[in-house]
2 protein chains.
Amino acid sequence: MTSQGLLSQANGIPEEINGLRMTRQRQEIYKLLMGERSHPTANEVFMRIKESLPNISLATVYNCLEALVQHHIIRQVNFDREPSRYCPNLDEHGHFHDEATGTIHDVKFKPGINLTDLLDLPPHTVIKDIEITLRGQLSAS
Amino acid sequence: MTSQGLLSQANGIPEEINGLRMTRQRQEIYKLLMGERSHPTANEVFMRIKESLPNISLATVYNCLEALVQHHIIRQVNFDREPSRYCPNLDEHGHFHDEATGTIHDVKFKPGINLTDLLDLPPHTVIKDIEITLRGQLSAS
DNA sequence: ATTGGATCAAGAACTATTCTAATTTAAATT
DNA sequence: AATTTAAATTAGAATAGTTCTTGATCCAAT
Ligand SMILES: [Mn+2]
Ligand SMILES: [Mn+2]
Ligand SMILES: [Zn+2]
Ligand SMILES: [Zn+2]
């Protein structure tokens, strides 16, 4: 007979992504991140996810976010020592923190740009990850 | 008569930098950072500075580092959620974290590179600070 | 249906950092 | 030079984001 598990949910999210079983909690958190472009913190995710999962715990939010990050389904974004934020955009991009509003914007690179070509790296360097963060203001006029 | 204060120390570091009074503690911490290229954490600074200032407290190390950062005498460097590190290099540069050894290397930009020109920023954006961090390995051969 | 491993929930624990309050130091004023 | 005033330092308590621990629950495989 057909499984009573994840397959039967038919909500558009596959039961497994990058080898990570997509439990109900992971699915809902992933859906929330895909819907919001606001790069929420773990606590913001926790508060918003209660609408669909009233019994979820903050520990589970952290566990799910970590699992999603480690399976390269979402990305963790840090600004200085502020709480970590989470981003569902897997394209190579940077993050601009607008200090006037507190909002965070994805920043694409201009076409044909390869970051490591512009850096004076030591020889035989294997780069696994680059992070670019910007801080400033979106001026009025 | 001549001051009994900072002027009489004659150790090469001026009594004031960028409007910040260079107390004994701030001087020693600044000297230590200028001597080390290792981007130490506050706790590492604390342990090493005890040689010259046996009675200093960790709170003072944090206070001094924050004062030096806010007066643009040194820079604070963050890798993900690891303890903050401190860098005396004021040139525009990025940081490469070698995961094999745990060491951090300054990374210069190739000549003539203007980072913001390569980014697809929203219009009317005033950038106050850019941070570039890289993670990877310095492979053997 | 049973089993075993994965996941979840609740709260305790951890740790880098910041805060508080008292003391000390140094600059400014008299 | 003594007094006054403000800044800096210290020690320890407090904070906060995150991680850990443990027992319960869920689910896929047998
Ligand atoms: Mn930073
Ligand atoms: Mn990071
Ligand atoms: Zn993003
Ligand atoms: Zn540096």
# chains A, B, ... in the order shown; residues from 1 in each chain; ligands from 1
call {"tool": "select_by_dssp", "arguments": {"residues": "chain A", "states": "strand (DSSP E or B)", "output": "mmCIF file with all heavy atoms, in the first residue's frame"}}
result
data_model
loop_
_atom_site.group_PDB
_atom_site.id
_atom_site.type_symbol
_atom_site.label_atom_id
_atom_site.label_comp_id
_atom_site.auth_asym_id
_atom_site.auth_seq_id
_atom_site.Cartn_x
_atom_site.Cartn_y
_atom_site.Cartn_z
ATOM 1 N N GLU A 16 12.499 14.585 -0.360
ATOM 2 C CA GLU A 16 13.918 14.605 -0.032
ATOM 3 C C GLU A 16 14.619 15.607 -0.923
ATOM 4 O O GLU A 16 14.336 15.702 -2.111
ATOM 5 C CB GLU A 16 14.508 13.196 -0.225
ATOM 6 C CG GLU A 16 15.891 13.043 0.375
ATOM 7 C CD GLU A 16 16.380 11.589 0.352
ATOM 8 O OE1 GLU A 16 15.635 10.700 0.803
ATOM 9 O OE2 GLU A 16 17.497 11.354 -0.146
ATOM 10 N N ILE A 17 15.516 16.426 -0.360
ATOM 11 C CA ILE A 17 16.314 17.375 -1.143
ATOM 12 C C ILE A 17 17.771 17.203 -0.742
ATOM 13 O O ILE A 17 18.091 17.219 0.454
ATOM 14 C CB ILE A 17 15.889 18.841 -0.887
ATOM 15 C CG1 ILE A 17 14.408 19.050 -1.215
ATOM 16 C CG2 ILE A 17 16.741 19.793 -1.717
ATOM 17 C CD1 ILE A 17 13.931 20.476 -1.004
ATOM 18 N N LEU A 20 18.533 15.130 2.129
ATOM 19 C CA LEU A 20 17.917 15.446 3.430
ATOM 20 C C LEU A 20 16.419 15.150 3.369
ATOM 21 O O LEU A 20 15.702 15.681 2.523
ATOM 22 C CB LEU A 20 18.122 16.928 3.783
ATOM 23 C CG LEU A 20 17.519 17.353 5.134
ATOM 24 C CD1 LEU A 20 18.304 16.741 6.295
ATOM 25 C CD2 LEU A 20 17.469 18.870 5.257
ATOM 26 N N ARG A 21 15.988 14.303 4.267
ATOM 27 C CA ARG A 21 14.560 13.988 4.323
ATOM 28 C C ARG A 21 13.796 15.244 4.734
ATOM 29 O O ARG A 21 14.122 15.879 5.738
ATOM 30 C CB ARG A 21 14.332 12.863 5.338
ATOM 31 C CG ARG A 21 12.927 12.341 5.363
ATOM 32 C CD ARG A 21 12.866 10.910 5.878
ATOM 33 N NE ARG A 21 13.306 10.831 7.267
ATOM 34 C CZ ARG A 21 12.488 10.954 8.313
ATOM 35 N NH1 ARG A 21 11.193 11.165 8.118
ATOM 36 N NH2 ARG A 21 12.937 10.856 9.531
ATOM 37 N N THR A 41 15.820 35.888 11.034
ATOM 38 C CA THR A 41 16.628 35.183 12.031
ATOM 39 C C THR A 41 15.894 33.912 12.459
ATOM 40 O O THR A 41 14.714 33.720 12.152
ATOM 41 C CB THR A 41 16.831 36.059 13.272
ATOM 42 O OG1 THR A 41 15.559 36.301 13.875
ATOM 43 C CG2 THR A 41 17.468 37.399 12.899
ATOM 44 N N ARG A 75 21.119 29.161 2.818
ATOM 45 C CA ARG A 75 22.412 29.674 3.279
ATOM 46 C C ARG A 75 22.255 30.474 4.552
ATOM 47 O O ARG A 75 21.234 31.135 4.779
ATOM 48 C CB ARG A 75 23.043 30.557 2.199
ATOM 49 C CG ARG A 75 23.265 29.802 0.916
ATOM 50 C CD ARG A 75 23.793 30.718 -0.167
ATOM 51 N NE ARG A 75 25.069 31.303 0.229
ATOM 52 C CZ ARG A 75 25.969 31.756 -0.629
ATOM 53 N NH1 ARG A 75 25.740 31.693 -1.917
ATOM 54 N NH2 ARG A 75 27.087 32.293 -0.202
ATOM 55 N N GLN A 76 23.280 30.379 5.372
ATOM 56 C CA GLN A 76 23.328 31.154 6.604
ATOM 57 C C GLN A 76 24.100 32.435 6.329
ATOM 58 O O GLN A 76 25.143 32.410 5.681
ATOM 59 C CB GLN A 76 24.051 30.330 7.678
ATOM 60 C CG GLN A 76 24.074 30.959 9.055
ATOM 61 C CD GLN A 76 24.614 29.988 10.107
ATOM 62 O OE1 GLN A 76 25.097 28.908 9.771
ATOM 63 N NE2 GLN A 76 24.521 30.373 11.355
ATOM 64 N N VAL A 77 23.572 33.563 6.809
ATOM 65 C CA VAL A 77 24.186 34.867 6.540
ATOM 66 C C VAL A 77 24.440 35.572 7.860
ATOM 67 O O VAL A 77 23.538 35.697 8.691
ATOM 68 C CB VAL A 77 23.250 35.732 5.676
ATOM 69 C CG1 VAL A 77 23.862 37.110 5.453
ATOM 70 C CG2 VAL A 77 22.949 35.045 4.351
ATOM 71 N N ARG A 85 21.125 35.033 10.024
ATOM 72 C CA ARG A 85 19.945 35.117 9.173
ATOM 73 C C ARG A 85 20.028 34.026 8.119
ATOM 74 O O ARG A 85 21.099 33.458 7.898
ATOM 75 C CB ARG A 85 19.866 36.502 8.522
ATOM 76 C CG ARG A 85 19.711 37.594 9.559
ATOM 77 C CD ARG A 85 19.724 38.981 8.989
ATOM 78 N NE ARG A 85 19.343 39.929 10.016
ATOM 79 C CZ ARG A 85 18.083 40.203 10.342
ATOM 80 N NH1 ARG A 85 17.097 39.620 9.689
ATOM 81 N NH2 ARG A 85 17.813 41.050 11.309
ATOM 82 N N TYR A 86 18.881 33.740 7.495
ATOM 83 C CA TYR A 86 18.831 32.605 6.593
ATOM 84 C C TYR A 86 18.242 33.021 5.256
ATOM 85 O O TYR A 86 17.293 33.797 5.190
ATOM 86 C CB TYR A 86 18.047 31.469 7.255
ATOM 87 C CG TYR A 86 18.769 30.998 8.495
ATOM 88 C CD1 TYR A 86 18.535 31.602 9.741
ATOM 89 C CD2 TYR A 86 19.755 30.018 8.420
ATOM 90 C CE1 TYR A 86 19.242 31.211 10.867
ATOM 91 C CE2 TYR A 86 20.469 29.621 9.545
ATOM 92 C CZ TYR A 86 20.202 30.218 10.774
ATOM 93 O OH TYR A 86 20.921 29.839 11.880
ATOM 94 N N CYS A 87 18.849 32.495 4.199
ATOM 95 C CA CYS A 87 18.605 32.960 2.833
ATOM 96 C C CYS A 87 18.376 31.761 1.924
ATOM 97 O O CYS A 87 19.199 30.852 1.897
ATOM 98 C CB CYS A 87 19.835 33.737 2.372
ATOM 99 S SG CYS A 87 19.835 34.185 0.636
ATOM 100 N N GLY A 94 25.885 38.640 -2.795
ATOM 101 C CA GLY A 94 26.270 39.258 -1.534
ATOM 102 C C GLY A 94 25.065 39.829 -0.821
ATOM 103 O O GLY A 94 23.928 39.686 -1.292
ATOM 104 N N HIS A 95 25.306 40.444 0.331
ATOM 105 C CA HIS A 95 24.205 40.973 1.136
ATOM 106 C C HIS A 95 24.483 42.402 1.570
ATOM 107 O O HIS A 95 25.539 42.690 2.134
ATOM 108 C CB HIS A 95 23.972 40.068 2.353
ATOM 109 C CG HIS A 95 23.381 38.759 1.969
ATOM 110 N ND1 HIS A 95 24.130 37.619 1.895
ATOM 111 C CD2 HIS A 95 22.129 38.426 1.591
ATOM 112 C CE1 HIS A 95 23.353 36.620 1.491
ATOM 113 N NE2 HIS A 95 22.125 37.077 1.302
ATOM 114 N N PHE A 96 23.515 43.252 1.268
ATOM 115 C CA PHE A 96 23.607 44.661 1.634
ATOM 116 C C PHE A 96 22.654 44.940 2.790
ATOM 117 O O PHE A 96 21.452 44.711 2.682
ATOM 118 C CB PHE A 96 23.259 45.544 0.428
ATOM 119 C CG PHE A 96 23.013 46.977 0.782
ATOM 120 C CD1 PHE A 96 23.997 47.731 1.423
ATOM 121 C CD2 PHE A 96 21.806 47.585 0.482
ATOM 122 C CE1 PHE A 96 23.767 49.056 1.748
ATOM 123 C CE2 PHE A 96 21.574 48.913 0.811
ATOM 124 C CZ PHE A 96 22.561 49.644 1.448
ATOM 125 N N HIS A 97 23.207 45.404 3.880
ATOM 126 C CA HIS A 97 22.414 45.730 5.062
ATOM 127 C C HIS A 97 22.151 47.236 5.062
ATOM 128 O O HIS A 97 23.057 48.028 5.277
ATOM 129 C CB HIS A 97 23.192 45.316 6.310
ATOM 130 C CG HIS A 97 22.414 45.461 7.584
ATOM 131 N ND1 HIS A 97 22.398 44.507 8.570
ATOM 132 C CD2 HIS A 97 21.604 46.437 8.031
ATOM 133 C CE1 HIS A 97 21.628 44.894 9.556
ATOM 134 N NE2 HIS A 97 21.147 46.076 9.260
ATOM 135 N N ASP A 98 20.902 47.603 4.826
ATOM 136 C CA ASP A 98 20.512 49.014 4.837
ATOM 137 C C ASP A 98 20.289 49.452 6.283
ATOM 138 O O ASP A 98 19.331 49.032 6.937
ATOM 139 C CB ASP A 98 19.229 49.201 4.013
ATOM 140 C CG ASP A 98 18.775 50.654 3.999
ATOM 141 O OD1 ASP A 98 19.438 51.501 4.619
ATOM 142 O OD2 ASP A 98 17.745 50.941 3.356
ATOM 143 N N ILE A 104 17.632 43.813 4.604
ATOM 144 C CA ILE A 104 18.770 43.184 3.932
ATOM 145 C C ILE A 104 18.393 42.882 2.497
ATOM 146 O O ILE A 104 17.316 42.336 2.231
ATOM 147 C CB ILE A 104 19.183 41.906 4.675
ATOM 148 C CG1 ILE A 104 19.883 42.318 5.973
ATOM 149 C CG2 ILE A 104 20.083 41.045 3.826
ATOM 150 C CD1 ILE A 104 19.860 41.275 7.017
ATOM 151 N N HIS A 105 19.273 43.267 1.590
ATOM 152 C CA HIS A 105 19.003 43.068 0.168
ATOM 153 C C HIS A 105 20.061 42.156 -0.446
ATOM 154 O O HIS A 105 21.250 42.318 -0.191
ATOM 155 C CB HIS A 105 19.036 44.419 -0.557
ATOM 156 C CG HIS A 105 18.071 45.417 -0.017
ATOM 157 N ND1 HIS A 105 16.844 45.658 -0.599
ATOM 158 C CD2 HIS A 105 18.121 46.228 1.064
ATOM 159 C CE1 HIS A 105 16.199 46.582 0.095
ATOM 160 N NE2 HIS A 105 16.941 46.956 1.112
ATOM 161 N N ASP A 106 19.606 41.218 -1.268
ATOM 162 C CA ASP A 106 20.543 40.435 -2.063
ATOM 163 C C ASP A 106 21.217 41.351 -3.080
ATOM 164 O O ASP A 106 20.578 42.228 -3.655
ATOM 165 C CB ASP A 106 19.799 39.308 -2.787
ATOM 166 C CG ASP A 106 19.458 38.157 -1.857
ATOM 167 O OD1 ASP A 106 19.947 38.153 -0.707
ATOM 168 O OD2 ASP A 106 18.705 37.264 -2.283
ATOM 169 N N VAL A 107 22.503 41.116 -3.294
ATOM 170 C CA VAL A 107 23.260 41.912 -4.267
ATOM 171 C C VAL A 107 23.903 40.961 -5.263
ATOM 172 O O VAL A 107 24.735 40.130 -4.882
ATOM 173 C CB VAL A 107 24.343 42.756 -3.576
ATOM 174 C CG1 VAL A 107 25.169 43.493 -4.611
ATOM 175 C CG2 VAL A 107 23.721 43.716 -2.589
ATOM 176 N N LYS A 108 23.490 41.072 -6.526
ATOM 177 C CA LYS A 108 24.100 40.237 -7.561
ATOM 178 C C LYS A 108 25.417 40.839 -8.026
ATOM 179 O O LYS A 108 25.665 42.031 -7.878
ATOM 180 C CB LYS A 108 23.156 40.143 -8.770
ATOM 181 C CG LYS A 108 21.925 39.304 -8.517
ATOM 182 C CD LYS A 108 21.146 39.111 -9.823
ATOM 183 C CE LYS A 108 19.666 39.372 -9.587
ATOM 184 N NZ LYS A 108 18.861 39.413 -10.801
ATOM 185 N N PHE A 109 26.242 39.989 -8.597
ATOM 186 C CA PHE A 109 27.454 40.491 -9.246
ATOM 187 C C PHE A 109 27.112 40.834 -10.688
ATOM 188 O O PHE A 109 26.235 40.211 -11.298
ATOM 189 C CB PHE A 109 28.554 39.431 -9.207
ATOM 190 C CG PHE A 109 28.856 38.965 -7.813
ATOM 191 C CD1 PHE A 109 29.105 37.635 -7.540
ATOM 192 C CD2 PHE A 109 28.874 39.871 -6.761
ATOM 193 C CE1 PHE A 109 29.361 37.209 -6.245
ATOM 194 C CE2 PHE A 109 29.146 39.451 -5.464
ATOM 195 C CZ PHE A 109 29.380 38.121 -5.209
ATOM 196 N N LEU A 119 41.124 38.845 -6.703
ATOM 197 C CA LEU A 119 41.816 38.809 -5.421
ATOM 198 C C LEU A 119 43.230 38.303 -5.590
ATOM 199 O O LEU A 119 43.505 37.441 -6.421
ATOM 200 C CB LEU A 119 41.054 37.897 -4.448
ATOM 201 C CG LEU A 119 39.618 38.310 -4.153
ATOM 202 C CD1 LEU A 119 38.905 37.207 -3.381
ATOM 203 C CD2 LEU A 119 39.581 39.616 -3.382
ATOM 204 N N ASP A 120 44.117 38.822 -4.789
ATOM 205 C CA ASP A 120 45.520 38.434 -4.822
ATOM 206 C C ASP A 120 45.722 37.296 -3.830
ATOM 207 O O ASP A 120 46.296 37.485 -2.757
ATOM 208 C CB ASP A 120 46.370 39.658 -4.452
ATOM 209 C CG ASP A 120 47.830 39.444 -4.795
ATOM 210 O OD1 ASP A 120 48.140 38.412 -5.413
ATOM 211 O OD2 ASP A 120 48.645 40.309 -4.423
ATOM 212 N N THR A 125 45.573 27.895 -3.662
ATOM 213 C CA THR A 125 44.473 28.093 -2.726
ATOM 214 C C THR A 125 43.184 27.530 -3.312
ATOM 215 O O THR A 125 42.831 27.849 -4.444
ATOM 216 C CB THR A 125 44.282 29.595 -2.450
ATOM 217 O OG1 THR A 125 45.483 30.128 -1.923
ATOM 218 C CG2 THR A 125 43.158 29.813 -1.452
ATOM 219 N N VAL A 126 42.522 26.692 -2.536
ATOM 220 C CA VAL A 126 41.220 26.170 -2.948
ATOM 221 C C VAL A 126 40.150 26.880 -2.132
ATOM 222 O O VAL A 126 40.085 26.711 -0.917
ATOM 223 C CB VAL A 126 41.136 24.645 -2.713
ATOM 224 C CG1 VAL A 126 39.771 24.132 -3.148
ATOM 225 C CG2 VAL A 126 42.252 23.932 -3.455
ATOM 226 N N ILE A 127 39.350 27.697 -2.802
ATOM 227 C CA ILE A 127 38.313 28.452 -2.113
ATOM 228 C C ILE A 127 37.018 27.656 -2.110
ATOM 229 O O ILE A 127 36.533 27.223 -3.153
ATOM 230 C CB ILE A 127 38.088 29.817 -2.799
ATOM 231 C CG1 ILE A 127 39.369 30.642 -2.779
ATOM 232 C CG2 ILE A 127 36.945 30.568 -2.124
ATOM 233 C CD1 ILE A 127 39.882 30.970 -1.407
ATOM 234 N N LYS A 128 36.477 27.457 -0.943
ATOM 235 C CA LYS A 128 35.222 26.703 -0.839
ATOM 236 C C LYS A 128 34.026 27.619 -0.692
ATOM 237 O O LYS A 128 32.893 27.231 -0.976
ATOM 238 C CB LYS A 128 35.282 25.767 0.377
ATOM 239 C CG LYS A 128 36.242 24.610 0.194
ATOM 240 C CD LYS A 128 36.036 23.589 1.309
ATOM 241 C CE LYS A 128 36.933 22.373 1.106
ATOM 242 N NZ LYS A 128 36.959 21.517 2.310
ATOM 243 N N ASP A 129 34.247 28.823 -0.194
ATOM 244 C CA ASP A 129 33.113 29.713 0.051
ATOM 245 C C ASP A 129 33.588 31.158 0.132
ATOM 246 O O ASP A 129 34.641 31.435 0.713
ATOM 247 C CB ASP A 129 32.431 29.320 1.366
ATOM 248 C CG ASP A 129 31.081 29.985 1.515
ATOM 249 O OD1 ASP A 129 30.272 29.896 0.577
ATOM 250 O OD2 ASP A 129 30.854 30.618 2.567
ATOM 251 N N ILE A 130 32.829 32.033 -0.456
ATOM 252 C CA ILE A 130 33.099 33.467 -0.363
ATOM 253 C C ILE A 130 31.877 34.143 0.223
ATOM 254 O O ILE A 130 30.745 33.785 -0.103
ATOM 255 C CB ILE A 130 33.387 34.087 -1.740
ATOM 256 C CG1 ILE A 130 34.537 33.366 -2.432
ATOM 257 C CG2 ILE A 130 33.710 35.566 -1.599
ATOM 258 C CD1 ILE A 130 34.922 33.999 -3.753
ATOM 259 N N GLU A 131 32.118 35.111 1.078
ATOM 260 C CA GLU A 131 31.008 35.862 1.649
ATOM 261 C C GLU A 131 31.281 37.354 1.474
ATOM 262 O O GLU A 131 32.365 37.834 1.817
ATOM 263 C CB GLU A 131 30.880 35.523 3.125
ATOM 264 C CG GLU A 131 29.467 35.563 3.619
ATOM 265 C CD GLU A 131 29.338 34.844 4.950
ATOM 266 O OE1 GLU A 131 29.631 33.622 4.992
ATOM 267 O OE2 GLU A 131 28.946 35.495 5.919
ATOM 268 N N ILE A 132 30.313 38.055 0.939
ATOM 269 C CA ILE A 132 30.444 39.505 0.764
ATOM 270 C C ILE A 132 29.280 40.185 1.454
ATOM 271 O O ILE A 132 28.118 39.907 1.154
ATOM 272 C CB ILE A 132 30.441 39.890 -0.722
ATOM 273 C CG1 ILE A 132 31.645 39.256 -1.405
ATOM 274 C CG2 ILE A 132 30.469 41.404 -0.885
ATOM 275 C CD1 ILE A 132 31.950 39.852 -2.739
ATOM 276 N N THR A 133 29.592 41.033 2.408
ATOM 277 C CA THR A 133 28.532 41.791 3.071
ATOM 278 C C THR A 133 28.845 43.274 2.979
ATOM 279 O O THR A 133 29.991 43.698 3.065
ATOM 280 C CB THR A 133 28.384 41.380 4.544
ATOM 281 O OG1 THR A 133 29.602 41.616 5.229
ATOM 282 C CG2 THR A 133 28.016 39.922 4.671
ATOM 283 N N LEU A 134 27.786 44.053 2.783
ATOM 284 C CA LEU A 134 27.912 45.508 2.682
ATOM 285 C C LEU A 134 26.994 46.153 3.694
ATOM 286 O O LEU A 134 25.918 45.640 3.997
ATOM 287 C CB LEU A 134 27.531 45.974 1.275
ATOM 288 C CG LEU A 134 28.318 45.327 0.139
ATOM 289 C CD1 LEU A 134 27.462 44.293 -0.567
ATOM 290 C CD2 LEU A 134 28.798 46.376 -0.851
ATOM 291 N N ARG A 135 27.436 47.297 4.181
ATOM 292 C CA ARG A 135 26.679 48.049 5.157
ATOM 293 C C ARG A 135 26.572 49.477 4.650
ATOM 294 O O ARG A 135 27.541 50.023 4.118
ATOM 295 C CB ARG A 135 27.466 48.050 6.471
ATOM 296 C CG ARG A 135 26.675 48.003 7.732
ATOM 297 C CD ARG A 135 27.618 47.809 8.930
ATOM 298 N NE ARG A 135 28.929 48.443 8.728
ATOM 299 C CZ ARG A 135 29.159 49.745 8.837
ATOM 300 N NH1 ARG A 135 28.182 50.561 9.188
ATOM 301 N NH2 ARG A 135 30.368 50.234 8.620
ATOM 302 N N GLY A 136 25.385 50.081 4.733
ATOM 303 C CA GLY A 136 25.250 51.458 4.272
ATOM 304 C C GLY A 136 23.809 51.910 4.285
ATOM 305 O O GLY A 136 22.998 51.365 5.041
ATOM 306 N N GLN A 137 23.508 52.885 3.440
ATOM 307 C CA GLN A 137 22.151 53.427 3.442
ATOM 308 C C GLN A 137 21.642 53.600 2.022
ATOM 309 O O GLN A 137 22.378 53.954 1.123
ATOM 310 C CB GLN A 137 22.135 54.797 4.147
ATOM 311 C CG GLN A 137 22.708 54.707 5.531
ATOM 312 C CD GLN A 137 22.199 55.790 6.450
ATOM 313 O OE1 GLN A 137 22.702 55.945 7.556
ATOM 314 N NE2 GLN A 137 21.190 56.553 6.025
ATOM 315 N N LEU A 138 20.346 53.363 1.874
ATOM 316 C CA LEU A 138 19.653 53.649 0.632
ATOM 317 C C LEU A 138 19.183 55.099 0.707
ATOM 318 O O LEU A 138 18.120 55.381 1.249
ATOM 319 C CB LEU A 138 18.446 52.719 0.478
ATOM 320 C CG LEU A 138 18.623 51.524 -0.432
ATOM 321 C CD1 LEU A 138 17.455 50.578 -0.296
ATOM 322 C CD2 LEU A 138 18.769 51.983 -1.871
#
call {"tool": "residues_around", "arguments": {"residues": "DT4 of chain D", "least_positions_apart": "2", "cutoff": "10 Å", "atoms": "only C-alpha atoms (C1' of nucleotides)", "output": "MDAnalysis selection string"}}
result
(chainID C and resid 28:30) or (chainID D and resid 2 6)
call {"tool": "write_last_selection", "arguments": {"atoms": "N, CA, C and O atoms (P, O5', C5', C4', C3', O3' and C1' of nucleotides)", "output": "PDB file, in the first residue's frame"}}
result
ATOM      1  P    DA C  28      43.234  68.231  29.633  1.00  0.00           P
ATOM      2  O5'  DA C  28      42.430  69.008  30.775  1.00  0.00           O
ATOM      3  C5'  DA C  28      41.097  68.618  31.050  1.00  0.00           C
ATOM      4  C4'  DA C  28      40.507  69.526  32.119  1.00  0.00           C
ATOM      5  C3'  DA C  28      40.872  70.995  31.947  1.00  0.00           C
ATOM      6  O3'  DA C  28      39.700  71.760  32.191  1.00  0.00           O
ATOM      7  C1'  DA C  28      41.559  70.243  34.091  1.00  0.00           C
ATOM      8  P    DT C  29      39.734  73.346  32.140  1.00  0.00           P
ATOM      9  O5'  DT C  29      39.733  73.722  33.684  1.00  0.00           O
ATOM     10  C5'  DT C  29      38.701  73.172  34.518  1.00  0.00           C
ATOM     11  C4'  DT C  29      38.925  73.607  35.953  1.00  0.00           C
ATOM     12  C3'  DT C  29      39.194  75.110  36.122  1.00  0.00           C
ATOM     13  O3'  DT C  29      38.252  75.623  37.061  1.00  0.00           O
ATOM     14  C1'  DT C  29      40.808  73.836  37.304  1.00  0.00           C
ATOM     15  P    DT C  30      38.126  77.203  37.248  1.00  0.00           P
ATOM     16  O5'  DT C  30      38.849  77.431  38.637  1.00  0.00           O
ATOM     17  C5'  DT C  30      38.392  76.698  39.784  1.00  0.00           C
ATOM     18  C4'  DT C  30      39.438  76.752  40.888  1.00  0.00           C
ATOM     19  C3'  DT C  30      39.950  78.153  41.166  1.00  0.00           C
ATOM     20  O3'  DT C  30      39.335  78.657  42.338  1.00  0.00           O
ATOM     21  C1'  DT C  30      41.715  76.530  41.153  1.00  0.00           C
TER      22       DT C  30
ATOM     23  P    DA D   2      50.270  69.433  47.895  1.00  0.00           P
ATOM     24  O5'  DA D   2      48.743  69.806  47.660  1.00  0.00           O
ATOM     25  C5'  DA D   2      48.091  70.639  48.621  1.00  0.00           C
ATOM     26  C4'  DA D   2      46.690  70.943  48.148  1.00  0.00           C
ATOM     27  C3'  DA D   2      45.696  69.801  48.308  1.00  0.00           C
ATOM     28  O3'  DA D   2      44.519  70.326  48.909  1.00  0.00           O
ATOM     29  C1'  DA D   2      45.681  70.567  46.069  1.00  0.00           C
ATOM     30  P    DA D   6      32.288  66.543  35.276  1.00  0.00           P
ATOM     31  O5'  DA D   6      33.171  65.596  34.358  1.00  0.00           O
ATOM     32  C5'  DA D   6      34.207  66.159  33.551  1.00  0.00           C
ATOM     33  C4'  DA D   6      35.036  65.044  32.965  1.00  0.00           C
ATOM     34  C3'  DA D   6      34.193  63.895  32.395  1.00  0.00           C
ATOM     35  O3'  DA D   6      34.703  63.554  31.116  1.00  0.00           O
ATOM     36  C1'  DA D   6      35.737  63.056  33.977  1.00  0.00           C
TER      37       DA D   6
END
call {"tool": "residues_around", "arguments": {"residues": "DT7 of chain C", "least_positions_apart": "5", "cutoff": "9 Å", "atoms": "only C-alpha atoms (C1' of nucleotides)", "output": "list in words"}}
result
Thr23 and Thr60 of chain A; DT25 and DC26 of chain D
call {"tool": "closest_atom_pairs", "arguments": {"of": "chain B", "to": "ligand 2", "cutoff": "8 Å", "atoms": "only C-alpha atoms and all ligand atoms", "output": "Markdown table"}}
result
| residue | atom | partner | partner_atom_place_in_ligand_line | distance |
| --- | --- | --- | --- | --- |
| B:Phe79 | CA | ligand 2 | 1 (Mn) | 5.7 |
| B:Asp80 | CA | ligand 2 | 1 (Mn) | 3.8 |
| B:Arg81 | CA | ligand 2 | 1 (Mn) | 7.4 |
| B:Thr133 | CA | ligand 2 | 1 (Mn) | 7.8 |
call {"tool": "residues_around", "arguments": {"residues": "segment 16-21 of chain D", "least_positions_apart": "3", "cutoff": "8 Å", "atoms": "only C-alpha atoms (C1' of nucleotides)", "output": "count of residues only"}}
result
4
call {"tool": "select_by_dssp", "arguments": {"residues": "segment 77-134 of chain A", "states": "helix (DSSP H, G or I)", "output": "list of chain:residue names"}}
result
A:Leu115, A:Thr116, A:Asp117, A:Leu118
call {"tool": "residues_around", "arguments": {"residues": "segment 9-11 of chain C", "least_positions_apart": "6", "cutoff": "10 Å", "atoms": "only C-alpha atoms (C1' of nucleotides)", "output": "list in words"}}
result
Asn55, Ile56, Ser57, Leu58, Ala59 and Thr60 of chain A; DT21, DT22, DG23, DA24 and DT25 of chain D
call {"tool": "interface_residues", "arguments": {"of": "chain C", "to": "chain B", "cutoff": "9 Å", "atoms": "only C-alpha atoms (C1' of nucleotides)", "output": "ChimeraX atom specification"}}
result
/C:16-18,26-27
call {"tool": "write_last_selection", "arguments": {"atoms": "N, CA and C atoms (P, O5', C5', C4', C3', O3' and C1' of nucleotides)", "output": "short mmCIF file (atom, residue, chain, number, x, y, z; two decimals), in the first residue's frame"}}
result
data_model
loop_
_atom_site.label_atom_id
_atom_site.label_comp_id
_atom_site.auth_asym_id
_atom_site.auth_seq_id
_atom_site.Cartn_x
_atom_site.Cartn_y
_atom_site.Cartn_z
P DA C 16 33.97 31.35 23.79
"O5'" DA C 16 33.85 32.69 22.91
"C5'" DA C 16 32.92 32.74 21.86
"C4'" DA C 16 32.17 34.05 21.90
"C3'" DA C 16 33.05 35.28 22.10
"O3'" DA C 16 32.73 36.21 21.09
"C1'" DA C 16 31.28 35.25 23.69
P DT C 17 33.47 37.62 21.00
"O5'" DT C 17 32.51 38.53 21.90
"C5'" DT C 17 31.15 38.63 21.53
"C4'" DT C 17 30.37 39.37 22.59
"C3'" DT C 17 30.93 40.76 22.93
"O3'" DT C 17 30.02 41.72 22.41
"C1'" DT C 17 30.17 39.56 24.86
P DT C 18 30.21 43.26 22.68
"O5'" DT C 18 29.31 43.50 23.98
"C5'" DT C 18 27.96 43.06 23.96
"C4'" DT C 18 27.30 43.42 25.27
"C3'" DT C 18 27.51 44.88 25.70
"O3'" DT C 18 26.23 45.37 26.07
"C1'" DT C 18 28.15 43.41 27.44
P DA C 26 47.83 57.21 35.27
"O5'" DA C 26 47.08 58.47 34.65
"C5'" DA C 26 46.14 58.26 33.60
"C4'" DA C 26 45.40 59.54 33.32
"C3'" DA C 26 46.31 60.77 33.22
"O3'" DA C 26 45.85 61.57 32.17
"C1'" DA C 26 44.62 61.17 34.78
P DA C 27 46.85 62.58 31.47
"O5'" DA C 27 45.87 63.80 31.13
"C5'" DA C 27 44.63 63.53 30.50
"C4'" DA C 27 43.59 64.54 30.92
"C3'" DA C 27 44.04 65.99 30.73
"O3'" DA C 27 43.03 66.69 30.01
"C1'" DA C 27 43.28 65.65 32.96
#
